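Structure data (CSV, C-alpha atoms) from work_18.csv:
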chain,number,residue,atom,x,y,z
A,1,MET,CA,59.3,107.9,128.9
A,2,GLU,CA,60.4,104.9,131.0
A,3,LEU,CA,59.1,101.4,131.0
A,4,ARG,CA,58.2,101.6,134.6
A,5,GLN,CA,55.9,104.6,133.9
A,6,LEU,CA,54.1,102.4,131.4
A,7,GLU,CA,53.9,99.6,133.9
A,8,TYR,CA,52.3,101.9,136.5
A,9,PHE,CA,49.9,103.3,133.9
A,10,VAL,CA,48.8,99.8,133.0
A,11,ALA,CA,48.6,98.7,136.6
A,12,VAL,CA,46.4,101.7,137.6
A,13,ALA,CA,44.1,101.0,134.6
A,14,GLU,CA,43.8,97.3,135.4
A,15,GLU,CA,43.5,97.6,139.1
A,16,GLY,CA,41.1,100.6,139.0
A,17,GLY,CA,43.1,102.8,141.4
A,18,PHE,CA,46.5,104.0,142.5
A,19,ALA,CA,46.5,102.2,145.9
A,20,ARG,CA,45.9,98.7,144.4
A,21,ALA,CA,48.3,99.5,141.6
A,22,ALA,CA,51.0,100.4,144.1
A,23,GLU,CA,50.3,97.1,146.0
A,24,ARG,CA,50.6,95.2,142.8
A,25,CYS,CA,53.9,96.9,141.8
A,26,GLY,CA,55.3,96.6,145.3
A,27,ILE,CA,56.0,100.3,145.8
A,28,VAL,CA,54.3,103.2,147.6
A,29,GLN,CA,51.2,104.9,146.2
A,30,SER,CA,52.9,108.3,145.9
A,31,ALA,CA,55.6,106.9,143.6
A,32,VAL,CA,52.9,105.4,141.3
A,33,SER,CA,51.0,108.7,141.2
A,34,GLN,CA,54.2,110.7,140.6
A,35,GLN,CA,55.4,108.6,137.7
A,36,VAL,CA,52.0,108.5,136.0
A,37,ARG,CA,51.8,112.3,136.2
A,38,ARG,CA,55.2,112.6,134.7
A,39,LEU,CA,54.1,110.4,131.8
A,40,GLU,CA,51.0,112.6,131.3
A,41,ARG,CA,53.2,115.7,131.2
A,42,GLU,CA,55.5,114.1,128.7
A,43,TRP,CA,52.7,113.0,126.4
A,44,GLY,CA,50.7,116.1,126.9
A,45,VAL,CA,47.4,114.2,127.7
A,46,LEU,CA,45.4,113.3,130.7
A,47,LEU,CA,45.4,109.5,131.2
A,48,PHE,CA,42.9,109.3,134.1
A,49,GLU,CA,39.9,111.2,135.4
A,50,ARG,CA,40.6,111.5,139.1
A,51,SER,CA,38.2,112.4,141.9
A,52,THR,CA,38.1,111.7,145.6
A,53,ARG,CA,35.9,108.6,145.0
A,54,HIS,CA,37.2,107.0,141.8
A,55,VAL,CA,39.9,106.9,139.1
A,56,ARG,CA,38.8,106.2,135.6
A,57,LEU,CA,40.6,106.1,132.3
A,58,SER,CA,40.1,109.2,130.2
A,59,GLY,CA,39.4,109.0,126.4
A,60,ALA,CA,43.1,109.4,125.8
A,61,GLY,CA,43.9,106.8,128.4
A,62,GLU,CA,41.6,104.3,126.7
A,63,ARG,CA,43.3,104.9,123.4
A,64,LEU,CA,46.9,104.7,124.8
A,65,LEU,CA,46.4,101.6,127.0
A,66,PRO,CA,46.7,99.1,124.2
A,67,GLU,CA,49.8,100.8,123.0
A,68,ALA,CA,51.4,100.7,126.4
A,69,ARG,CA,50.6,97.0,126.8
A,70,ALA,CA,52.1,96.4,123.4
A,71,VAL,CA,55.3,98.2,124.3
A,72,LEU,CA,55.6,96.3,127.6
A,73,ALA,CA,55.0,93.0,125.8
A,74,ALA,CA,57.7,93.9,123.3
A,75,ALA,CA,60.1,94.7,126.1
A,76,ARG,CA,59.4,91.3,127.7
A,77,ARG,CA,60.0,89.6,124.5
A,78,ALA,CA,63.3,91.5,124.0
A,79,ARG,CA,64.4,90.5,127.6
A,80,GLN,CA,63.6,86.9,126.8
A,81,VAL,CA,65.5,86.9,123.5
A,82,ALA,CA,68.4,88.5,125.2
A,83,ALA,CA,68.4,85.8,127.9
A,84,ASP,CA,68.2,83.1,125.1
A,85,VAL,CA,71.0,84.8,123.2
A,86,ALA,CA,73.2,84.9,126.3
A,87,GLY,CA,72.4,81.2,126.9
A,88,GLY,CA,73.2,80.2,123.4
A,89,SER,CA,69.7,79.0,122.4
A,90,ASP,CA,69.0,82.0,120.2
A,91,GLY,CA,70.9,84.5,118.1
A,92,VAL,CA,72.7,84.5,114.8
A,93,LEU,CA,75.9,82.4,114.2
A,94,ARG,CA,77.9,83.3,111.1
A,95,VAL,CA,80.0,80.5,109.8
A,96,GLY,CA,82.3,80.1,106.8
A,97,GLY,CA,81.9,76.7,105.1
A,98,VAL,CA,83.8,74.2,102.9
A,99,GLN,CA,82.7,71.4,100.7
A,100,ALA,CA,82.8,68.3,102.8
A,101,PRO,CA,82.1,64.6,102.0
A,102,GLY,CA,78.9,62.9,103.3
A,103,GLY,CA,77.2,66.2,104.1
A,104,ARG,CA,79.4,66.6,107.2
A,105,ILE,CA,78.8,70.3,107.6
A,106,PHE,CA,75.0,69.8,107.2
A,107,GLY,CA,75.3,67.0,109.8
A,108,VAL,CA,77.0,69.5,112.2
A,109,LEU,CA,74.3,72.1,111.5
A,110,ASN,CA,71.5,69.6,112.0
A,111,GLU,CA,72.9,68.6,115.4
A,112,LEU,CA,73.3,72.3,116.3
A,113,ALA,CA,69.7,72.9,115.4
A,114,GLU,CA,68.6,70.1,117.7
A,115,ARG,CA,70.6,71.6,120.6
A,116,ALA,CA,69.6,75.2,119.9
A,117,PRO,CA,66.4,75.3,117.8
A,118,GLY,CA,66.2,79.1,118.0
A,119,LEU,CA,69.8,79.7,116.8
A,120,GLN,CA,70.0,81.1,113.2
A,121,VAL,CA,73.0,80.0,111.2
A,122,THR,CA,74.2,81.8,108.1
A,123,LEU,CA,76.7,79.8,106.0
A,124,ARG,CA,79.1,81.7,103.7
A,125,ARG,CA,81.3,80.2,101.1
A,126,LEU,CA,84.5,82.1,100.6
A,127,PRO,CA,88.1,81.3,99.4
A,128,PRO,CA,90.2,80.0,102.3
A,129,ALA,CA,92.2,83.3,102.8
A,130,GLU,CA,89.1,85.4,102.7
A,131,ARG,CA,87.4,83.0,105.1
A,132,LEU,CA,90.1,83.4,107.7
A,133,ALA,CA,90.3,87.2,107.2
A,134,ALA,CA,86.6,87.4,107.8
A,135,VAL,CA,87.0,85.5,111.1
A,136,ARG,CA,89.8,87.8,112.2
A,137,ALA,CA,87.7,90.9,111.3
A,138,GLY,CA,84.7,89.6,113.2
A,139,GLU,CA,82.6,89.3,110.1
A,140,LEU,CA,82.4,85.5,110.7
A,141,ASP,CA,82.2,83.8,114.1
A,142,ALA,CA,84.0,80.8,112.9
A,143,ALA,CA,85.1,79.1,109.6
A,144,PHE,CA,85.7,75.5,108.6
A,145,VAL,CA,89.2,75.2,107.0
A,146,ARG,CA,90.9,72.2,105.5
A,147,ALA,CA,94.6,71.0,105.7
A,148,LEU,CA,95.7,74.1,107.6
A,149,ASP,CA,98.4,73.7,110.3
A,150,ALA,CA,98.4,77.3,111.5
A,151,ALA,CA,96.5,80.6,111.1
A,152,PRO,CA,98.1,83.7,112.6
A,153,GLY,CA,95.8,85.3,115.1
A,154,LEU,CA,93.3,82.4,115.2
A,155,GLU,CA,92.9,79.1,116.9
A,156,LEU,CA,92.4,75.9,114.9
A,157,LEU,CA,90.2,73.3,116.5
A,158,PRO,CA,90.1,69.8,114.7
A,159,VAL,CA,86.6,68.7,113.8
A,160,TRP,CA,87.1,65.7,111.5
A,161,SER,CA,89.6,63.9,109.3
A,162,ASP,CA,89.2,62.7,105.7
A,163,PRO,CA,91.3,60.0,104.0
A,164,LEU,CA,93.2,60.7,100.8
A,165,TYR,CA,92.7,58.7,97.6
A,166,VAL,CA,95.0,58.0,94.7
A,167,ALA,CA,93.9,57.8,91.1
A,168,LEU,CA,96.1,56.0,88.7
A,169,PRO,CA,95.8,54.0,85.4
A,170,ALA,CA,93.8,50.9,86.0
A,171,GLY,CA,96.3,48.8,84.0
A,172,HIS,CA,99.3,49.8,86.1
A,173,PRO,CA,100.6,47.1,88.4
A,174,LEU,CA,100.1,49.3,91.5
A,175,ALA,CA,96.4,49.3,90.8
A,176,GLU,CA,96.4,45.7,92.0
A,177,GLU,CA,97.2,46.9,95.6
A,178,THR,CA,94.4,47.6,98.0
A,179,VAL,CA,96.2,50.5,99.7
A,180,LEU,CA,98.9,52.6,98.1
A,181,GLN,CA,102.1,54.0,99.6
A,182,LEU,CA,103.7,57.2,98.5
A,183,ASP,CA,107.2,55.8,98.2
A,184,ARG,CA,106.0,53.1,95.9
A,185,LEU,CA,104.1,55.6,93.7
A,186,THR,CA,107.1,57.8,93.3
A,187,ALA,CA,109.4,54.8,92.7
A,188,ALA,CA,107.2,53.5,89.9
A,189,GLY,CA,108.0,56.4,87.6
A,190,LEU,CA,104.5,57.8,87.5
A,191,ALA,CA,104.1,61.5,87.0
A,192,LEU,CA,102.2,63.3,89.8
A,193,ARG,CA,99.5,65.7,88.7
A,194,LEU,CA,99.4,68.3,91.5
A,195,ALA,CA,97.8,71.8,91.4
A,196,PRO,CA,100.1,74.8,91.7
A,197,ARG,CA,100.6,75.9,95.3
A,198,GLU,CA,98.9,79.2,94.8
A,199,ASN,CA,95.6,77.3,94.0
A,200,ASN,CA,95.5,75.6,97.4
A,201,PRO,CA,98.5,76.2,99.6
A,202,PRO,CA,97.5,74.1,102.6
A,203,PHE,CA,96.8,71.0,100.5
A,204,HIS,CA,99.8,71.5,98.3
A,205,ASP,CA,102.0,71.7,101.4
A,206,LEU,CA,100.4,68.6,102.9
A,207,ILE,CA,101.2,66.5,99.9
A,208,THR,CA,104.7,67.9,99.2
A,209,GLY,CA,105.5,67.4,102.9
A,210,ALA,CA,104.3,63.8,102.9
A,211,LEU,CA,106.4,63.2,99.7
A,212,ARG,CA,109.5,64.5,101.4
A,213,ALA,CA,108.8,62.3,104.4
A,214,ALA,CA,108.5,59.4,102.1
A,215,GLY,CA,111.9,60.2,100.6
A,216,ALA,CA,110.7,61.8,97.4
A,217,GLU,CA,112.2,65.3,97.5
A,218,ARG,CA,111.7,65.9,93.8
A,219,PRO,CA,108.9,63.7,92.5
A,220,LEU,CA,108.3,63.3,88.8
A,221,LEU,CA,105.7,66.0,88.0
A,222,GLY,CA,103.2,65.8,85.2
A,223,PRO,CA,100.7,68.3,84.0
A,224,PRO,CA,99.0,70.2,86.8
A,225,PHE,CA,95.8,69.1,88.4
A,226,THR,CA,92.9,71.2,87.1
A,227,THR,CA,89.5,69.8,88.0
A,228,LEU,CA,89.0,66.3,89.3
A,229,GLN,CA,87.0,65.2,86.3
A,230,GLU,CA,89.5,66.6,83.8
A,231,THR,CA,92.5,65.2,85.7
A,232,LEU,CA,91.0,61.7,86.0
A,233,THR,CA,90.0,61.7,82.3
A,234,ALA,CA,93.6,62.5,81.4
A,235,ILE,CA,94.9,59.8,83.7
A,236,GLY,CA,92.7,57.2,82.0
A,237,GLY,CA,93.6,58.4,78.6
A,238,PRO,CA,96.7,57.8,76.4
A,239,GLY,CA,100.0,59.4,77.0
A,240,GLU,CA,102.4,59.5,79.9
A,241,SER,CA,101.3,57.4,82.9
A,242,SER,CA,100.4,59.7,85.8
A,243,TRP,CA,98.6,59.7,89.1
A,244,THR,CA,97.0,62.2,91.4
A,245,VAL,CA,95.9,62.5,95.0
A,246,PHE,CA,92.6,64.0,96.2
A,247,TYR,CA,90.1,63.9,99.0
A,248,GLU,CA,86.4,62.9,98.6
A,249,VAL,CA,83.9,65.8,98.4
A,250,SER,CA,80.7,64.3,96.8
A,251,GLY,CA,81.4,60.6,96.5
A,252,LEU,CA,84.3,58.7,95.0
A,253,PRO,CA,84.5,59.0,91.2
A,254,SER,CA,84.3,56.0,88.9
A,255,LEU,CA,85.8,56.3,85.4
A,256,PRO,CA,86.8,53.7,82.8
A,257,ARG,CA,90.5,52.8,82.9
A,258,VAL,CA,91.1,54.7,86.2
A,259,ALA,CA,91.6,52.9,89.5
A,260,VAL,CA,90.9,54.8,92.8
A,261,ARG,CA,92.7,53.4,95.9
A,262,PRO,CA,93.1,54.7,99.4
A,263,LEU,CA,96.4,56.3,100.3
A,264,ALA,CA,98.3,55.1,103.4
A,265,GLY,CA,99.7,58.2,105.0
A,266,PRO,CA,98.4,61.6,105.7
A,267,SER,CA,94.8,62.5,106.1
A,268,VAL,CA,93.2,65.8,105.5
A,269,VAL,CA,92.1,67.4,108.8
A,270,THR,CA,89.2,69.9,108.8
A,271,CYS,CA,89.4,72.5,111.6
A,272,LEU,CA,87.2,75.2,112.9
A,273,ALA,CA,89.0,78.5,112.9
A,274,VAL,CA,87.9,80.9,115.7
A,275,ARG,CA,89.3,83.9,117.4
A,276,PRO,CA,91.2,83.3,120.6
A,277,GLY,CA,89.5,83.8,123.9
A,278,PRO,CA,86.2,82.7,125.5
A,279,PRO,CA,83.6,82.0,122.8
A,280,GLY,CA,80.2,83.7,122.7
A,281,ALA,CA,77.2,81.7,123.7
A,282,ALA,CA,76.2,80.8,120.1
A,283,LEU,CA,79.7,79.8,119.1
A,284,ARG,CA,80.0,77.8,122.3
A,285,GLU,CA,77.0,75.6,121.2
A,286,LEU,CA,78.8,75.0,117.8
A,287,LEU,CA,82.0,74.1,119.6
A,288,LEU,CA,80.2,71.6,121.8
A,289,VAL,CA,78.7,69.9,118.7
A,290,THR,CA,82.0,69.8,116.7
A,291,THR,CA,84.0,68.6,119.7
A,292,ALA,CA,81.6,65.7,120.2
A,293,ARG,CA,81.7,64.8,116.5
A,294,GLU,CA,85.5,64.9,116.4
A,295,GLY,CA,85.6,62.5,119.3
A,296,ALA,CA,83.1,60.2,117.7
A,297,ASN,CA,85.1,60.3,114.4
A,298,GLN,CA,88.3,59.3,116.2
A,299,ALA,CA,86.6,56.4,117.9
A,300,ALA,CA,85.0,55.2,114.6
A,301,SER,CA,88.0,55.8,112.3
A,302,SER,CA,89.0,52.9,110.1
A,303,THR,CA,90.8,52.3,106.8
A,304,PRO,CA,88.6,53.2,103.9
A,305,SER,CA,87.5,50.4,101.6
A,306,PRO,CA,89.1,50.4,98.1
A,307,ARG,CA,87.1,51.2,95.0
A,308,SER,CA,87.9,51.2,91.3

Since I need it in another form, could you write the structure as structure tokens?
Amino acid sequence: MELRQLEYFVAVAEEGGFARAAERCGIVQSAVSQQVRRLEREWGVLLFERSTRHVRLSGAGERLLPEARAVLAAARRARQVAADVAGGSDGVLRVGGVQAPGGRIFGVLNELAERAPGLQVTLRRLPPAERLAAVRAGELDAAFVRALDAAPGLELLPVWSDPLYVALPAGHPLAEETVLQLDRLTAAGLALRLAPRENNPPFHDLITGALRAAGAERPLLGPPFTTLQETLTAIGGPGESSWTVFYEVSGLPSLPRVAVRPLAGPSVVTCLAVRPGPPGAALRELLLVTTAREGANQAASSTPSPRS
């Protein structure tokens, strides 16, 4: 069975004859008649009662006409959806997400929804290494990643930058400064609470690289960073004076005896990891949104205000 056979069947039924159906379909009458007969042979039923004076639907034809119309309508819908998918306004986009401050990912997705209302987005949370592997394997179309300089086999496209913050004891003299420098922190004898590299290699490498650039090849290390809440509680408690560095995820924390200050120096860049080559239509829509936001973020970037 071919769609054109259904089209000819419906045309003959609606026009009341093969000649008018052929005119409507823009082909010769013999072709319409031939294709309808092939359809009748395939289905094993007579669709029309034919005579020299008229062509009428048979009982079988009356029963099958709604089904033929439904199939043709479904085919038209499929063609339209295919066109929308090809144009990027429809389809499914699979994205790997990260926790981001200020609802940034949801802001990106909201803008994407405004550009392409028919596009369905599935957001998956995976560890960074699994997120990148899923993009390489084609299981994800793209993934947001943070503090990553390179990803073999993938392209990294910057989307936004987040400032870093330092937490230190509120009674320490450096807490009086509005913006903190890495070299002054390391020279002050404060122990750095930093998570082991295996917990978050990109962020660990960002901080250790910035420390080396600031002249602190071997900073004084304290107990490792665990969770932000546990680490800040320890910094504000008794014992060895220590500090840590972090990026905002869901608002800056406020704890007694702990000062939070902006760090002058590196920022954390969030990129979109994609496979090399021309993007598909749906991914192209996401890239247009993220590129526009990255440009706006650069234009509006400023030093974050201090908080304690």

Just give me the gap between CA of Val98 (chain A) and CA of Ala143 (chain A) in Å, one decimal is fine.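 CA of Ala143 (chain A) lies 8.4 Å from CA of Val98 (chain A).
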
Tell me which of A:Pro117, A:Pro201, A:Gly26, A:Pro262 sits closest to Pro163 (chain A), counting all atoms listed in the file. A:Pro262

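Within 12 Å of the point (55.9, 110.6, 137.1) in file coordinates, and counting all atoms listed in the file, lie the residues Met1, Glu2, Leu3, Arg4, Gln5, Leu6, Glu7, Tyr8, Phe9, Gln29, Ser30, Ala31, Val32, Ser33, Gln34, Gln35, Val36, Arg37, Arg38, Leu39, Glu40, Arg41, Glu42 and Trp43 of chain A.
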
Show me, as JSON lines, the residues of region 173-291 of chain A having an atom within 9 Å of region 120-137 of chain A, each with the closest atom pair and its distance in Å, using all atoms listed in the file.
{"residue": "A:Asn200", "atom": "CA", "partner": "A:Pro128", "partner_atom": "CA", "distance": 8.5}
{"residue": "A:Ala273", "atom": "CA", "partner": "A:Leu132", "partner_atom": "CA", "distance": 7.2}
{"residue": "A:Val274", "atom": "CA", "partner": "A:Val135", "partner_atom": "CA", "distance": 6.6}
{"residue": "A:Arg275", "atom": "CA", "partner": "A:Arg136", "partner_atom": "CA", "distance": 6.5}

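Distances here use all atoms listed in the file; by that measure, the residue among A:Ala188, A:Val145, A:Leu182, A:Ala259 closest to Ser161 (chain A) is A:Val145.
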
Write out as a ChimeraX atom specification which residues come within 10 Å of region 109-115 of chain A when counting only C-alpha atoms, dropping same-chain ones fewer than 3 positions away. /A:88-89,103-106,118-121,123,282,285-290,293

Include C-alpha atoms and write out the residues we just selected as an mmCIF file, in the frame of the given file.
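Output file out-v1.cif is given in full below:
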data_model
loop_
_atom_site.group_PDB
_atom_site.id
_atom_site.type_symbol
_atom_site.label_atom_id
_atom_site.label_comp_id
_atom_site.auth_asym_id
_atom_site.auth_seq_id
_atom_site.Cartn_x
_atom_site.Cartn_y
_atom_site.Cartn_z
ATOM 1 C CA GLY A 88 73.200 80.200 123.400
ATOM 2 C CA SER A 89 69.700 79.000 122.400
ATOM 3 C CA GLY A 103 77.200 66.200 104.100
ATOM 4 C CA ARG A 104 79.400 66.600 107.200
ATOM 5 C CA ILE A 105 78.800 70.300 107.600
ATOM 6 C CA PHE A 106 75.000 69.800 107.200
ATOM 7 C CA GLY A 118 66.200 79.100 118.000
ATOM 8 C CA LEU A 119 69.800 79.700 116.800
ATOM 9 C CA GLN A 120 70.000 81.100 113.200
ATOM 10 C CA VAL A 121 73.000 80.000 111.200
ATOM 11 C CA LEU A 123 76.700 79.800 106.000
ATOM 12 C CA ALA A 282 76.200 80.800 120.100
ATOM 13 C CA GLU A 285 77.000 75.600 121.200
ATOM 14 C CA LEU A 286 78.800 75.000 117.800
ATOM 15 C CA LEU A 287 82.000 74.100 119.600
ATOM 16 C CA LEU A 288 80.200 71.600 121.800
ATOM 17 C CA VAL A 289 78.700 69.900 118.700
ATOM 18 C CA THR A 290 82.000 69.800 116.700
ATOM 19 C CA ARG A 293 81.700 64.800 116.500
#

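For the residues A:Pro224, A:Pro256, A:Gly236, A:Pro158, ranking by smallest atom-to-atom distance to Val269 (chain A) using only C-alpha atoms places A:Pro158 first.
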
As an mmCIF file, in the frame of the given file, could you write out region 158-171 of chain A once it has been completed with N, CA, C and O atoms?
data_model
loop_
_atom_site.group_PDB
_atom_site.id
_atom_site.type_symbol
_atom_site.label_atom_id
_atom_site.label_comp_id
_atom_site.auth_asym_id
_atom_site.auth_seq_id
_atom_site.Cartn_x
_atom_site.Cartn_y
_atom_site.Cartn_z
ATOM 1 N N PRO A 158 90.429 70.954 115.650
ATOM 2 C CA PRO A 158 90.100 69.800 114.700
ATOM 3 C C PRO A 158 88.649 69.399 114.911
ATOM 4 O O PRO A 158 88.127 69.325 116.021
ATOM 5 N N VAL A 159 88.018 69.108 113.767
ATOM 6 C CA VAL A 159 86.600 68.700 113.800
ATOM 7 C C VAL A 159 86.502 67.255 113.195
ATOM 8 O O VAL A 159 85.859 66.390 113.778
ATOM 9 N N TRP A 160 87.114 67.010 112.035
ATOM 10 C CA TRP A 160 87.100 65.700 111.500
ATOM 11 C C TRP A 160 88.292 65.496 110.546
ATOM 12 O O TRP A 160 88.956 66.460 110.173
ATOM 13 N N SER A 161 88.559 64.245 110.195
ATOM 14 C CA SER A 161 89.600 63.900 109.300
ATOM 15 C C SER A 161 89.072 63.135 108.096
ATOM 16 O O SER A 161 88.184 62.297 108.266
ATOM 17 N N ASP A 162 89.595 63.410 106.902
ATOM 18 C CA ASP A 162 89.200 62.700 105.700
ATOM 19 C C ASP A 162 90.383 61.980 105.110
ATOM 20 O O ASP A 162 91.484 62.547 105.026
ATOM 21 N N PRO A 163 90.205 60.742 104.659
ATOM 22 C CA PRO A 163 91.300 60.000 104.000
ATOM 23 C C PRO A 163 91.619 60.601 102.652
ATOM 24 O O PRO A 163 90.791 61.279 102.038
ATOM 25 N N LEU A 164 92.818 60.329 102.185
ATOM 26 C CA LEU A 164 93.200 60.700 100.800
ATOM 27 C C LEU A 164 93.113 59.492 99.915
ATOM 28 O O LEU A 164 93.267 58.340 100.352
ATOM 29 N N TYR A 165 92.862 59.762 98.645
ATOM 30 C CA TYR A 165 92.700 58.700 97.600
ATOM 31 C C TYR A 165 93.697 59.000 96.496
ATOM 32 O O TYR A 165 93.976 60.168 96.179
ATOM 33 N N VAL A 166 94.160 57.935 95.882
ATOM 34 C CA VAL A 166 95.000 58.000 94.700
ATOM 35 C C VAL A 166 94.262 57.528 93.507
ATOM 36 O O VAL A 166 93.541 56.533 93.571
ATOM 37 N N ALA A 167 94.394 58.259 92.421
ATOM 38 C CA ALA A 167 93.900 57.800 91.100
ATOM 39 C C ALA A 167 95.043 57.548 90.211
ATOM 40 O O ALA A 167 95.950 58.382 90.090
ATOM 41 N N LEU A 168 95.053 56.384 89.560
ATOM 42 C CA LEU A 168 96.100 56.000 88.700
ATOM 43 C C LEU A 168 95.548 55.118 87.547
ATOM 44 O O LEU A 168 94.402 54.652 87.659
ATOM 45 N N PRO A 169 96.292 54.874 86.479
ATOM 46 C CA PRO A 169 95.800 54.000 85.400
ATOM 47 C C PRO A 169 95.390 52.645 85.932
ATOM 48 O O PRO A 169 96.156 52.024 86.679
ATOM 49 N N ALA A 170 94.219 52.171 85.543
ATOM 50 C CA ALA A 170 93.800 50.900 86.000
ATOM 51 C C ALA A 170 94.660 49.735 85.599
ATOM 52 O O ALA A 170 94.722 48.691 86.262
ATOM 53 N N GLY A 171 95.393 49.908 84.475
ATOM 54 C CA GLY A 171 96.300 48.800 84.000
ATOM 55 C C GLY A 171 97.640 48.847 84.638
ATOM 56 O O GLY A 171 98.445 47.927 84.370
#
